file coords.txt (compact mmCIF, C-alpha atoms and all ligand atoms)
# COMPACT_ATOMS: atom_id res chain seq x y z
CA MET A 1 0.00 0.00 0.00
CA SER A 2 1.46 3.31 -0.95
CA GLN A 3 1.70 5.98 1.69
CA THR A 4 2.06 9.67 0.93
CA ALA A 5 4.90 10.98 3.04
CA VAL A 6 4.54 14.51 4.35
CA LYS A 7 7.18 16.60 2.62
CA THR A 8 9.17 19.23 4.48
CA ASN A 9 8.43 22.70 3.18
CA LEU A 10 11.76 24.54 2.88
CA LEU A 11 10.29 27.96 2.02
CA GLY A 12 9.93 29.23 5.60
CA MET A 13 13.30 28.04 6.90
CA SER A 14 15.82 30.63 8.01
CA LEU A 15 19.47 30.01 7.07
CA PRO A 16 20.38 28.20 10.33
CA MET A 17 17.28 26.01 9.99
CA LEU A 18 18.06 25.17 6.40
CA GLN A 19 21.70 24.42 7.24
CA ALA A 20 20.58 22.07 10.01
CA TYR A 21 18.20 20.40 7.56
CA PHE A 22 20.97 19.72 5.04
CA GLU A 23 23.41 18.60 7.72
CA ALA A 24 20.86 16.12 9.02
CA MET A 25 20.69 14.76 5.46
CA GLY A 26 24.45 14.25 5.46
CA GLU A 27 24.95 17.19 3.07
CA LYS A 28 27.30 20.15 3.36
CA PRO A 29 25.74 23.26 4.95
CA PHE A 30 26.58 25.41 1.88
CA ARG A 31 23.74 23.61 0.09
CA ALA A 32 21.46 25.72 2.27
CA VAL A 33 22.75 28.92 0.70
CA GLN A 34 22.36 27.51 -2.81
CA VAL A 35 18.79 26.36 -2.26
CA MET A 36 17.91 29.58 -0.43
CA LYS A 37 19.03 31.66 -3.40
CA TRP A 38 17.00 29.56 -5.81
CA MET A 39 13.86 29.89 -3.69
CA HIS A 40 14.04 33.50 -2.59
CA GLN A 41 16.15 35.29 -5.21
CA ARG A 42 15.03 33.49 -8.34
CA GLY A 43 11.59 32.36 -7.25
CA VAL A 44 12.25 28.74 -8.23
CA THR A 45 10.13 26.09 -6.53
CA ASP A 46 11.19 23.03 -8.55
CA PHE A 47 14.30 21.24 -7.28
CA SER A 48 15.06 19.87 -10.76
CA ALA A 49 15.54 23.43 -12.01
CA MET A 50 18.20 24.16 -9.36
CA THR A 51 21.09 23.54 -11.72
CA ASP A 52 24.06 23.90 -9.35
CA ILE A 53 22.76 21.04 -7.22
CA SER A 54 23.82 17.49 -8.01
CA HIS A 55 21.30 15.22 -9.67
CA SER A 56 21.34 12.83 -6.71
CA LEU A 57 20.56 15.61 -4.21
CA GLN A 58 17.81 16.91 -6.48
CA GLN A 59 16.28 13.43 -6.48
CA LYS A 60 16.50 13.19 -2.69
CA LEU A 61 14.87 16.60 -2.28
CA LEU A 62 12.11 15.76 -4.73
CA VAL A 63 11.13 12.84 -2.50
CA GLU A 64 11.52 14.48 0.90
CA ALA A 65 11.00 18.18 0.50
CA GLU A 66 9.03 20.86 -1.29
CA VAL A 67 9.01 24.62 -1.81
CA ARG A 68 5.39 25.52 -1.29
CA PRO A 69 4.14 29.10 -1.08
CA PRO A 70 0.59 29.62 0.19
CA ILE A 71 -2.28 29.60 -2.26
CA ILE A 72 -3.38 32.96 -3.60
CA VAL A 73 -7.07 32.88 -4.35
CA GLU A 74 -7.68 36.41 -5.56
CA GLU A 75 -5.79 39.44 -6.74
CA PHE A 76 -7.10 43.01 -6.76
CA LEU A 77 -5.42 45.93 -8.45
CA ALA A 78 -6.49 49.42 -7.36
CA ALA A 79 -6.59 52.49 -9.56
CA ASP A 80 -3.62 53.92 -7.63
CA GLY A 81 -1.45 50.86 -8.32
CA CYS A 82 -1.96 49.15 -4.95
CA TYR A 83 -2.40 45.42 -5.04
CA LYS A 84 -4.27 43.24 -2.61
CA TRP A 85 -3.93 39.48 -2.56
CA ILE A 86 -6.20 37.10 -0.68
CA VAL A 87 -4.09 34.29 0.68
CA GLU A 88 -5.51 30.94 1.72
CA VAL A 89 -3.57 29.38 4.57
CA ALA A 90 -3.40 25.73 5.68
CA SER A 91 -6.02 26.20 8.40
CA GLY A 92 -8.47 27.10 5.63
CA SER A 93 -8.65 30.75 6.74
CA ARG A 94 -7.93 33.63 4.45
CA VAL A 95 -5.62 36.56 5.10
CA GLU A 96 -4.64 39.58 3.05
CA THR A 97 -1.42 41.04 1.73
CA VAL A 98 -1.23 44.59 0.36
CA PHE A 99 1.41 46.19 -1.88
CA ILE A 100 1.65 49.99 -1.83
CA PRO A 101 3.84 51.56 -4.54
CA GLU A 102 5.23 55.04 -3.97
CA ASP A 103 7.73 57.13 -5.95
CA ASP A 104 10.77 56.02 -4.05
CA ARG A 105 9.70 52.71 -2.52
CA GLY A 106 7.35 49.77 -2.68
CA THR A 107 5.90 48.68 0.65
CA LEU A 108 4.44 45.26 1.30
CA CYS A 109 2.05 44.93 4.22
CA ILE A 110 2.15 41.34 5.45
CA SER A 111 -0.23 39.37 7.70
CA SER A 112 1.07 37.20 10.52
CA GLN A 113 -2.13 35.61 11.86
CA ALA A 114 -5.55 34.70 10.53
CA GLY A 115 -7.72 36.81 12.81
CA CYS A 116 -6.40 38.28 16.03
CA THR A 117 -6.91 37.73 19.76
CA LEU A 118 -6.37 41.36 20.79
CA ASP A 119 -9.71 42.85 19.72
CA CYS A 120 -8.72 46.53 19.49
CA SER A 121 -11.99 48.42 19.32
CA PHE A 122 -11.31 50.08 15.93
CA CYS A 123 -9.86 47.11 14.05
CA ALA A 124 -11.85 44.95 11.66
CA THR A 125 -9.53 41.95 12.05
CA GLY A 126 -10.27 41.65 15.78
CA LYS A 127 -14.01 41.39 15.05
CA GLN A 128 -13.55 37.99 13.45
CA GLY A 129 -11.78 36.46 16.44
CA PHE A 130 -8.66 34.34 16.17
CA ASN A 131 -8.35 31.56 13.61
CA SER A 132 -4.71 30.49 13.36
CA ASN A 133 -1.07 31.45 13.43
CA LEU A 134 0.48 31.57 9.97
CA THR A 135 3.45 29.27 9.37
CA ALA A 136 6.78 30.87 8.45
CA ALA A 137 6.24 29.64 4.87
CA GLU A 138 2.87 31.39 4.82
CA ILE A 139 4.39 34.62 6.11
CA ILE A 140 7.49 34.77 3.89
CA GLY A 141 5.34 33.27 1.13
CA GLN A 142 3.50 36.61 0.93
CA LEU A 143 6.78 38.35 0.04
CA TRP A 144 7.66 35.50 -2.32
CA TRP A 145 4.32 35.93 -4.04
CA ALA A 146 4.57 39.71 -4.33
CA ASN A 147 7.99 39.35 -5.94
CA HIS A 148 6.62 36.69 -8.25
CA ARG A 149 3.74 38.90 -9.37
CA LEU A 150 5.67 42.17 -9.55
CA GLY A 151 8.64 40.91 -11.52
CA GLY A 152 10.94 41.07 -8.48
CA PHE A 153 12.60 37.75 -9.31
CA ALA A 154 13.71 39.06 -12.69
CA PRO A 155 17.30 40.41 -12.86
CA ALA A 156 17.49 43.79 -11.09
CA ARG A 157 17.20 46.75 -13.46
CA PRO A 158 19.27 49.82 -12.83
CA HIS A 159 17.12 52.92 -12.85
CA ALA A 160 18.54 56.43 -12.64
CA GLY A 161 21.70 54.99 -11.14
CA LYS A 162 19.79 52.99 -8.53
CA THR A 163 18.50 49.45 -8.42
CA ILE A 164 14.75 49.53 -8.20
CA ARG A 165 13.05 46.67 -6.40
CA SER A 166 9.36 46.06 -6.58
CA VAL A 167 9.26 45.46 -2.83
CA SER A 168 11.76 47.63 -0.96
CA ASN A 169 10.02 47.78 2.43
CA VAL A 170 8.04 45.32 4.51
CA VAL A 171 5.69 46.24 7.33
CA MET A 172 4.17 43.57 9.58
CA MET A 173 0.94 45.56 9.68
CA GLY A 174 -1.48 43.20 8.03
CA MET A 175 -3.80 40.94 9.95
CA GLY A 176 -2.76 39.68 13.37
CA GLU A 177 -0.32 40.53 16.12
CA PRO A 178 3.16 39.55 14.89
CA LEU A 179 4.63 39.20 18.37
CA LEU A 180 2.01 36.59 19.30
CA ASN A 181 3.31 34.38 16.48
CA PHE A 182 6.86 34.96 17.56
CA ASP A 183 8.95 32.08 16.17
CA ASN A 184 7.38 32.06 12.72
CA VAL A 185 7.61 35.83 12.42
CA MET A 186 11.27 35.79 13.53
CA ALA A 187 12.17 33.12 10.94
CA SER A 188 10.42 35.21 8.27
CA LEU A 189 12.14 38.45 9.32
CA SER A 190 15.48 36.70 9.13
CA LEU A 191 14.75 35.65 5.53
CA MET A 192 13.60 39.15 4.59
CA MET A 193 16.93 40.59 5.77
CA ASP A 194 19.25 37.74 4.72
CA ASP A 195 21.50 38.67 1.79
CA ASN A 196 21.06 35.14 0.44
CA ALA A 197 17.30 35.67 0.39
CA TYR A 198 15.61 39.10 0.02
CA GLY A 199 18.42 41.21 1.53
CA LEU A 200 16.16 44.01 2.75
CA SER A 201 17.73 46.57 5.07
CA LYS A 202 16.79 46.26 8.75
CA ARG A 203 15.60 49.86 8.54
CA ARG A 204 13.11 48.85 5.89
CA VAL A 205 11.56 45.91 7.74
CA THR A 206 9.14 46.97 10.46
CA ILE A 207 7.33 44.95 13.11
CA SER A 208 4.16 46.64 14.29
CA THR A 209 2.87 45.63 17.71
CA ALA A 210 -0.05 46.53 19.93
CA GLY A 211 2.32 46.10 22.88
CA VAL A 212 3.15 42.52 23.86
CA VAL A 213 5.76 43.59 26.40
CA PRO A 214 7.40 40.20 27.22
CA ALA A 215 7.89 39.60 23.49
CA ILE A 216 9.38 43.09 22.96
CA ASP A 217 11.72 42.35 25.88
CA LYS A 218 13.16 39.30 24.12
CA LEU A 219 13.11 40.77 20.62
CA ARG A 220 16.76 41.90 20.63
CA LEU A 221 17.89 38.28 20.95
CA HIS A 222 16.19 37.42 17.67
CA THR A 223 16.18 40.38 15.31
CA ASP A 224 17.24 43.97 14.73
CA ALA A 225 14.27 44.96 12.61
CA SER A 226 12.59 48.34 13.09
CA LEU A 227 9.69 48.72 15.49
CA ALA A 228 6.33 50.47 15.32
CA VAL A 229 4.02 50.62 18.32
CA SER A 230 0.27 50.99 18.10
CA LEU A 231 -0.32 53.42 20.93
CA HIS A 232 -3.60 55.14 19.96
CA ALA A 233 -4.16 56.81 23.33
CA PRO A 234 -2.15 59.10 25.61
CA ASN A 235 -3.26 57.58 28.93
CA ASP A 236 -4.05 54.16 30.39
CA GLU A 237 -7.69 54.89 31.04
CA LEU A 238 -8.45 55.51 27.37
CA ARG A 239 -6.00 52.93 26.05
CA ASN A 240 -7.57 50.24 28.28
CA GLN A 241 -10.80 50.83 26.40
CA ILE A 242 -9.54 50.84 22.83
CA VAL A 243 -6.48 48.56 23.04
CA PRO A 244 -7.47 45.94 25.65
CA ILE A 245 -3.95 44.45 25.92
CA ASN A 246 -3.08 47.68 27.75
CA ARG A 247 -4.85 46.28 30.83
CA LYS A 248 -2.09 43.69 30.99
CA TYR A 249 0.83 45.84 29.84
CA PRO A 250 0.18 49.52 30.58
CA ILE A 251 1.76 52.42 28.71
CA LYS A 252 4.71 53.00 31.04
CA GLU A 253 5.87 49.38 30.79
CA LEU A 254 5.31 49.39 27.05
CA LEU A 255 7.38 52.51 26.44
CA ARG A 256 10.12 51.17 28.72
CA SER A 257 10.35 47.91 26.74
CA VAL A 258 10.35 49.75 23.40
CA ALA A 259 13.12 52.10 24.58
CA ASP A 260 15.19 49.12 25.78
CA TYR A 261 14.86 47.42 22.41
CA ILE A 262 15.77 50.54 20.47
CA ASP A 263 18.75 51.17 22.79
CA SER A 264 19.99 47.65 22.12
CA LEU A 265 20.33 48.36 18.38
CA PRO A 266 23.84 49.24 17.27
CA ASP A 267 22.69 51.98 14.89
CA LYS A 268 20.70 55.10 15.66
CA ARG A 269 17.02 54.49 15.00
CA VAL A 270 13.76 55.59 16.58
CA PRO A 271 10.47 53.71 16.91
CA VAL A 272 7.33 54.83 15.15
CA ILE A 273 4.36 55.57 17.38
CA GLU A 274 1.16 54.77 15.49
CA TYR A 275 -1.95 56.64 16.52
CA THR A 276 -5.27 55.89 14.85
CA LEU A 277 -7.39 59.03 15.07
CA ILE A 278 -11.02 58.29 15.88
CA SER A 279 -13.53 61.13 15.88
CA GLY A 280 -14.61 62.15 19.39
CA VAL A 281 -12.64 59.32 21.00
CA ASN A 282 -8.93 60.19 20.97
CA ASP A 283 -8.66 63.11 18.51
CA GLN A 284 -9.26 66.11 20.77
CA LYS A 285 -6.86 68.93 21.53
CA GLN A 286 -6.27 67.64 25.07
CA HIS A 287 -5.34 64.20 23.70
CA ALA A 288 -2.69 65.74 21.45
CA GLN A 289 -1.31 67.79 24.34
CA GLU A 290 -1.28 64.78 26.62
CA LEU A 291 0.46 62.71 23.94
CA ALA A 292 3.11 65.39 23.48
CA ALA A 293 3.72 65.41 27.25
CA LEU A 294 3.83 61.60 27.45
CA LEU A 295 6.43 61.34 24.68
CA ARG A 296 8.46 64.42 25.60
CA ASP A 297 11.53 62.39 26.58
CA PHE A 298 10.87 59.48 24.27
CA PRO A 299 12.62 59.85 20.90
CA CYS A 300 10.21 58.67 18.22
CA LYS A 301 8.34 59.54 15.05
CA ILE A 302 4.57 59.78 15.21
CA ASN A 303 2.38 58.37 12.48
CA LEU A 304 -1.26 59.49 12.59
CA ILE A 305 -3.68 57.10 10.91
CA PRO A 306 -7.15 58.55 10.28
CA PHE A 307 -9.65 55.83 11.18
CA ASN A 308 -10.81 53.77 8.23
CA PRO A 309 -14.47 52.89 8.66
CA PHE A 310 -15.83 49.36 8.25
CA SER A 311 -19.31 47.92 8.51
CA GLN A 312 -19.16 46.53 12.08
CA SER A 313 -17.93 49.78 13.60
CA ASP A 314 -19.75 52.96 14.62
CA TYR A 315 -16.52 54.94 14.86
CA ARG A 316 -15.99 57.84 12.48
CA ARG A 317 -12.95 59.32 10.82
CA PRO A 318 -12.14 62.83 12.11
CA SER A 319 -12.52 65.79 9.76
CA ASN A 320 -9.42 66.98 7.88
CA ASN A 321 -9.47 70.01 10.11
CA ALA A 322 -9.38 67.92 13.29
CA ILE A 323 -6.54 65.81 11.85
CA SER A 324 -4.45 68.84 10.95
CA ASN A 325 -5.07 70.50 14.34
CA PHE A 326 -3.92 67.33 16.10
CA ARG A 327 -0.87 67.20 13.90
CA GLN A 328 -0.04 70.83 14.49
CA ILE A 329 -0.02 70.49 18.27
CA LEU A 330 2.49 67.65 17.99
CA GLN A 331 4.61 69.51 15.47
CA GLU A 332 4.71 72.57 17.67
CA ALA A 333 6.01 70.29 20.40
CA ARG A 334 8.82 69.40 17.93
CA PHE A 335 7.75 65.91 16.96
CA THR A 336 8.20 64.51 13.47
CA VAL A 337 4.65 63.68 12.46
CA THR A 338 3.30 61.99 9.34
CA VAL A 339 -0.32 61.41 8.45
CA ARG A 340 -0.93 58.14 6.66
CA THR A 341 -2.79 58.61 3.43
CA THR A 342 -5.40 56.08 2.48
CA ARG A 343 -4.32 53.96 -0.45
CA GLY A 344 -6.07 51.20 -2.33
CA ASP A 345 -9.44 52.60 -1.31
CA ASP A 346 -11.33 50.98 -4.15
CA ILE A 347 -10.15 47.48 -3.24
CA GLY A 348 -10.62 47.67 0.55
CA ALA A 349 -6.87 47.61 1.13
CA ALA A 350 -6.64 50.34 3.76
CA CYS A 351 -5.44 49.76 7.31
CA GLY A 352 -8.00 48.05 9.46
CA GLN A 353 -10.12 47.00 6.51
CA LEU A 354 -8.39 43.67 6.18
CA VAL A 355 -11.21 41.45 7.23
CA GLY A 356 -10.44 38.13 5.63
CA GLU A 357 -13.79 36.77 6.60
CA VAL A 358 -14.86 34.35 3.91
CA VAL A 359 -18.43 35.62 3.80
CA ASP A 360 -17.33 39.17 3.52
CA GLN A 361 -14.70 38.33 0.92
CA THR A 362 -17.23 36.49 -1.19
CA ARG A 363 -19.50 39.49 -1.11
CA ARG A 364 -16.65 41.80 -1.99
CA SER A 365 -15.51 39.53 -4.81
CA GLU A 366 -18.97 39.56 -6.29
CA ARG A 367 -19.01 43.31 -6.16
CA TYR A 368 -15.71 43.59 -8.01
CA ARG A 369 -16.66 40.96 -10.54
CA ARG A 370 -19.88 42.83 -11.21
CA ALA A 371 -18.11 46.17 -11.38
CA SER A 372 -15.57 44.98 -13.92
CA THR A 373 -18.18 43.21 -16.04
CA GLU A 374 -20.42 46.27 -15.95
CA ALA A 375 -17.45 48.33 -17.06
CA GLY A 376 -17.82 46.25 -20.23
CA ASN A 377 -14.33 44.89 -20.12
CA PRO A 378 -13.71 42.10 -17.67
CA GLU A 379 -10.17 41.65 -18.96
CA LYS A 380 -9.26 45.14 -17.87
CA GLY A 381 -11.03 44.82 -14.50
CA ASN A 382 -9.07 45.16 -11.31
CA PHE A 383 -9.95 41.70 -10.17
CA ARG A 384 -8.61 38.29 -10.92
CA VAL A 385 -9.40 34.88 -9.50
CA PHE A 386 -6.64 32.31 -9.24
CA THR A 387 -7.53 28.68 -8.97
CA SER A 388 -5.21 26.47 -7.00
CA ALA A 389 -4.20 24.85 -10.29
CA ASP A 390 -2.89 28.00 -11.90
CA ASN A 391 -1.48 29.38 -8.66
CA LEU A 392 2.00 28.10 -9.31
CA ALA A 393 1.70 27.71 -13.04
CA VAL A 394 1.13 31.41 -13.51
CA SER A 395 4.06 32.84 -15.39
CA VAL A 396 6.32 35.49 -13.93
CA ASP A 397 4.82 38.41 -15.75
CA SER A 398 5.34 42.00 -14.90
CA ALA A 399 2.76 43.95 -12.95
CA ARG A 400 -0.39 45.01 -14.73
CA ARG A 401 -1.17 48.66 -14.41
CA VAL A 402 -4.43 50.45 -14.93
N1 LIG B 501 -1.28 43.99 15.63
C1 LIG B 501 -0.34 44.89 15.08
C2 LIG B 501 -0.36 44.99 13.57
C3 LIG B 501 -1.69 45.07 12.86
S1 LIG B 501 -2.55 46.56 12.73
C4 LIG B 501 -0.52 46.27 15.70
O1 LIG B 501 -1.47 46.44 16.46
O2 LIG B 501 0.30 47.14 15.48
C5 LIG B 501 -1.59 47.70 11.86
C6 LIG B 501 -1.98 49.15 12.17
O3 LIG B 501 -3.26 49.48 11.61
C7 LIG B 501 -2.09 49.37 13.65
O4 LIG B 501 -1.47 50.57 14.02
C8 LIG B 501 -3.59 49.46 13.83
O5 LIG B 501 -3.89 50.13 14.98
C9 LIG B 501 -4.04 50.17 12.58
N2 LIG B 501 -5.49 50.01 12.34
C10 LIG B 501 -6.24 48.94 12.62
N3 LIG B 501 -7.53 49.17 12.29
C11 LIG B 501 -7.59 50.42 11.79
C12 LIG B 501 -8.65 51.22 11.25
N4 LIG B 501 -9.90 50.77 11.17
N5 LIG B 501 -8.34 52.44 10.80
C13 LIG B 501 -7.07 52.90 10.86
N6 LIG B 501 -6.04 52.20 11.36
C14 LIG B 501 -6.30 50.96 11.83

call {"tool": "encode", "arguments": {"input": "coords.txt", "output": "structure tokens"}}
result
Amino acid sequence: MSQTAVKTNLLGMSLPMLQAYFEAMGEKPFRAVQVMKWMHQRGVTDFSAMTDISHSLQQKLLVEAEVRPPIIVEEFLAADGCYKWIVEVASGSRVETVFIPEDDRGTLCISSQAGCTLDCSFCATGKQGFNSNLTAAEIIGQLWWANHRLGGFAPARPHAGKTIRSVSNVVMMGMGEPLLNFDNVMASLSLMMDDNAYGLSKRRVTISTAGVVPAIDKLRLHTDASLAVSLHAPNDELRNQIVPINRKYPIKELLRSVADYIDSLPDKRVPVIEYTLISGVNDQKQHAQELAALLRDFPCKINLIPFNPFSQSDYRRPSNNAISNFRQILQEARFTVTVRTTRGDDIGAACGQLVGEVVDQTRRSERYRRASTEAGNPEKGNFRVFTSADNLAVSVDSARRV
């Protein structure tokens, strides 16, 4: 009776893990570097195409191992060039990955969990509860896929004296709390920054956390990526209400752990404080003043995120006037402040709109399908369905633009 052996997926293995894998096979550890480059720099998933590997090792790998990115079930392309991919993970849940192109960079927003346990009051992901942790292959697989779709595995093209990459920055700001899926996120971060894989600068890879203090405290032992903290309130009383994890790890402890991590980095960097502005909740003048006082001796940049509405929330986005007043108070207190602009509006790709709920997705998909058909040209629509069969067969074509 034939038995299907479970193959080891090599895609999510960091260099030390991959070296250990090859050593356990009786192979030299440098095989790890070779295979890593094939997977992450050339986008190759078939061992028989890895031409600098002996035929006998190829045969062994074909039996025991695989390079398996997650399945992408849908792709959306927004009018402003943003992409959103719906990713199906092994647990059967769906998560989302968003690519945001700008003049000087391309940022990929990656999910780390299907759903989330933290239930921040303004976040759509929390409303669906927690489904599963993503595996390292599912996390790094989102970057693999974006490169695959955006031509990032093609030889680098010099542009105005610089090498342009499709994905130059990664933010762990998709669905889930990255520090509650610690090991898999750390393995993925290590691949993002490994010169034998994606080689992204540590300044361009950012973990965003709602404040899991014990995990921030051990972060320095595992990575030197950049850090963003979802603060959203200037005092514990308000933060307890909108970011419930604050009841366990209050602001003072959180800021202490963030400062310790940043101090442990050999280069000079500051954390980003994220602050989602919600009308009438945390966007008043006194909140801005209190925030400025709280962070007076805490070197950081502040990123204001106007609330993005979604159907299960009664919160409202503040007026432009309220946003600019809030910003001005912080700027007058000498903070560097940015206001996040909403991108990918027409494909539901904005912060906090990543729902991933199958029902909701199906409804959304229907809407896009209808919209592109009604536009009279489904081929030029901003929506595409991948079946699992063509997921990997799809050729490495360059990005479509509208
Ligand atoms: N769990 C992590 C990462 C996911 S959220 C964290 O909390 O940082 C990424 C960012 O999007 C966070 O700053 C989050 O507060 C913000 N966000 C979530 N929902 C939002 C919404 N509806 N409108 C605007 N920003 C939102």

call {"tool": "axis_aligned_box", "arguments": {"input": "coords.txt", "around": "ligand LIG 501 (chain B)", "padding_each_side": "8 Å", "output": "lines of an AutoDock Vina configuration file"}}
result
center_x = -4.8
center_y = 48.4
center_z = 13.6
size_x = 26.2
size_y = 24.9
size_z = 21.7

call {"tool": "closest_atom_pairs", "arguments": {"input": "coords.txt", "of": "chain A", "to": "ligand LIG 501 (chain B)", "cutoff": "9 Å", "atoms": "only C-alpha atoms and all ligand atoms", "output": "tab-separated table"}}
result
residue	atom	partner	partner_atom	distance
A:Cys109	CA	B:LIG501	C5	8.9
A:Ser111	CA	B:LIG501	C3	7.8
A:Ser112	CA	B:LIG501	C2	8.5
A:Cys116	CA	B:LIG501	N1	7.7
A:Leu118	CA	B:LIG501	N1	7.7
A:Cys120	CA	B:LIG501	O5	7.5
A:Ser121	CA	B:LIG501	N3	8.4
A:Phe122	CA	B:LIG501	N4	5.0
A:Cys123	CA	B:LIG501	N3	3.6
A:Ala124	CA	B:LIG501	N3	6.1
A:Thr125	CA	B:LIG501	N3	7.5
A:Gly126	CA	B:LIG501	N3	8.7
A:Val171	CA	B:LIG501	C5	8.7
A:Met172	CA	B:LIG501	C2	6.2
A:Met173	CA	B:LIG501	C5	4.0
A:Gly174	CA	B:LIG501	C3	5.2
A:Met175	CA	B:LIG501	C3	5.5
A:Gly176	CA	B:LIG501	N1	5.1
A:Glu177	CA	B:LIG501	N1	3.6
A:Pro178	CA	B:LIG501	N1	6.3
A:Leu179	CA	B:LIG501	N1	8.1
A:Leu180	CA	B:LIG501	N1	8.9
A:Ile207	CA	B:LIG501	C2	7.7
A:Ser208	CA	B:LIG501	O2	4.1
A:Thr209	CA	B:LIG501	O2	3.7
A:Ala210	CA	B:LIG501	O1	3.8
A:Gly211	CA	B:LIG501	O1	7.5
A:Ala228	CA	B:LIG501	O2	6.9
A:Val229	CA	B:LIG501	O2	5.8
A:Ser230	CA	B:LIG501	O4	4.5
A:Leu231	CA	B:LIG501	O4	7.6
A:His232	CA	B:LIG501	O5	7.1
A:Val243	CA	B:LIG501	O1	8.5
A:Ile273	CA	B:LIG501	O4	8.4
A:Glu274	CA	B:LIG501	O4	5.2
A:Tyr275	CA	B:LIG501	O4	6.6
A:Thr276	CA	B:LIG501	N6	5.1
A:Leu277	CA	B:LIG501	C13	7.4
A:Ile278	CA	B:LIG501	N5	8.2
A:Asn303	CA	B:LIG501	O4	8.8
A:Leu304	CA	B:LIG501	N6	8.8
A:Ile305	CA	B:LIG501	C13	5.4
A:Pro306	CA	B:LIG501	C13	5.7
A:Phe307	CA	B:LIG501	N5	3.7
A:Asn308	CA	B:LIG501	N5	3.8
A:Pro309	CA	B:LIG501	N4	5.6
A:Phe310	CA	B:LIG501	N4	6.8
A:Ser313	CA	B:LIG501	N4	8.4
A:Tyr315	CA	B:LIG501	N4	8.7
A:Arg317	CA	B:LIG501	N5	8.3
A:Ala350	CA	B:LIG501	N5	7.5
A:Cys351	CA	B:LIG501	C14	4.8
A:Gly352	CA	B:LIG501	N3	3.1
A:Gln353	CA	B:LIG501	N4	6.0
A:Leu354	CA	B:LIG501	N3	8.3

call {"tool": "closest_residue", "arguments": {"input": "coords.txt", "among": "A:Leu295, A:Arg239, A:Ile140, A:Pro234", "to": "Arg256 in chain A", "atoms": "all atoms listed in the file"}}
result
A:Leu295

call {"tool": "closest_residue", "arguments": {"input": "coords.txt", "among": "A:Leu191, A:Val167, A:Met50, A:Ala65", "to": "Trp145 in chain A", "atoms": "all atoms listed in the file"}}
result
A:Val167

call {"tool": "closest_residue", "arguments": {"input": "coords.txt", "among": "A:Glu96, A:Glu64, A:Asp345, A:Asp283", "to": "Glu138 in chain A", "atoms": "only C-alpha atoms"}}
result
A:Glu96

call {"tool": "closest_residue", "arguments": {"input": "coords.txt", "among": "A:Ser93, A:Ser226, A:Gln128, A:Thr338", "to": "Ser201 in chain A", "atoms": "all atoms listed in the file"}}
result
A:Ser226

call {"tool": "atom_distance", "arguments": {"input": "coords.txt", "atom1": "CA of Asp297 in chain A", "atom2": "CA of Leu227 in chain A"}}
result
17.7 Å

call {"tool": "atom_distance", "arguments": {"input": "coords.txt", "atom1": "CA of Leu189 in chain A", "atom2": "CA of Leu11 in chain A"}}
result
12.9 Å

call {"tool": "atom_distance", "arguments": {"input": "coords.txt", "atom1": "CA of Tyr198 in chain A", "atom2": "CA of Gln41 in chain A"}}
result
6.5 Å

call {"tool": "residues_around", "arguments": {"input": "coords.txt", "residues": "Ala233 in chain A", "least_positions_apart": "3", "cutoff": "8 Å", "atoms": "all atoms listed in the file", "output": "ChimeraX atom specification"}}
result
/A:236,238-239,275,282,287,291

call {"tool": "residues_around", "arguments": {"input": "coords.txt", "residues": "range 260-262 of chain A", "least_positions_apart": "6", "cutoff": "8 Å", "atoms": "only C-alpha atoms", "output": "list in words"}}
result
Ile216, Asp217, Leu219, Arg220, Arg269, Val270 and Pro271 of chain A
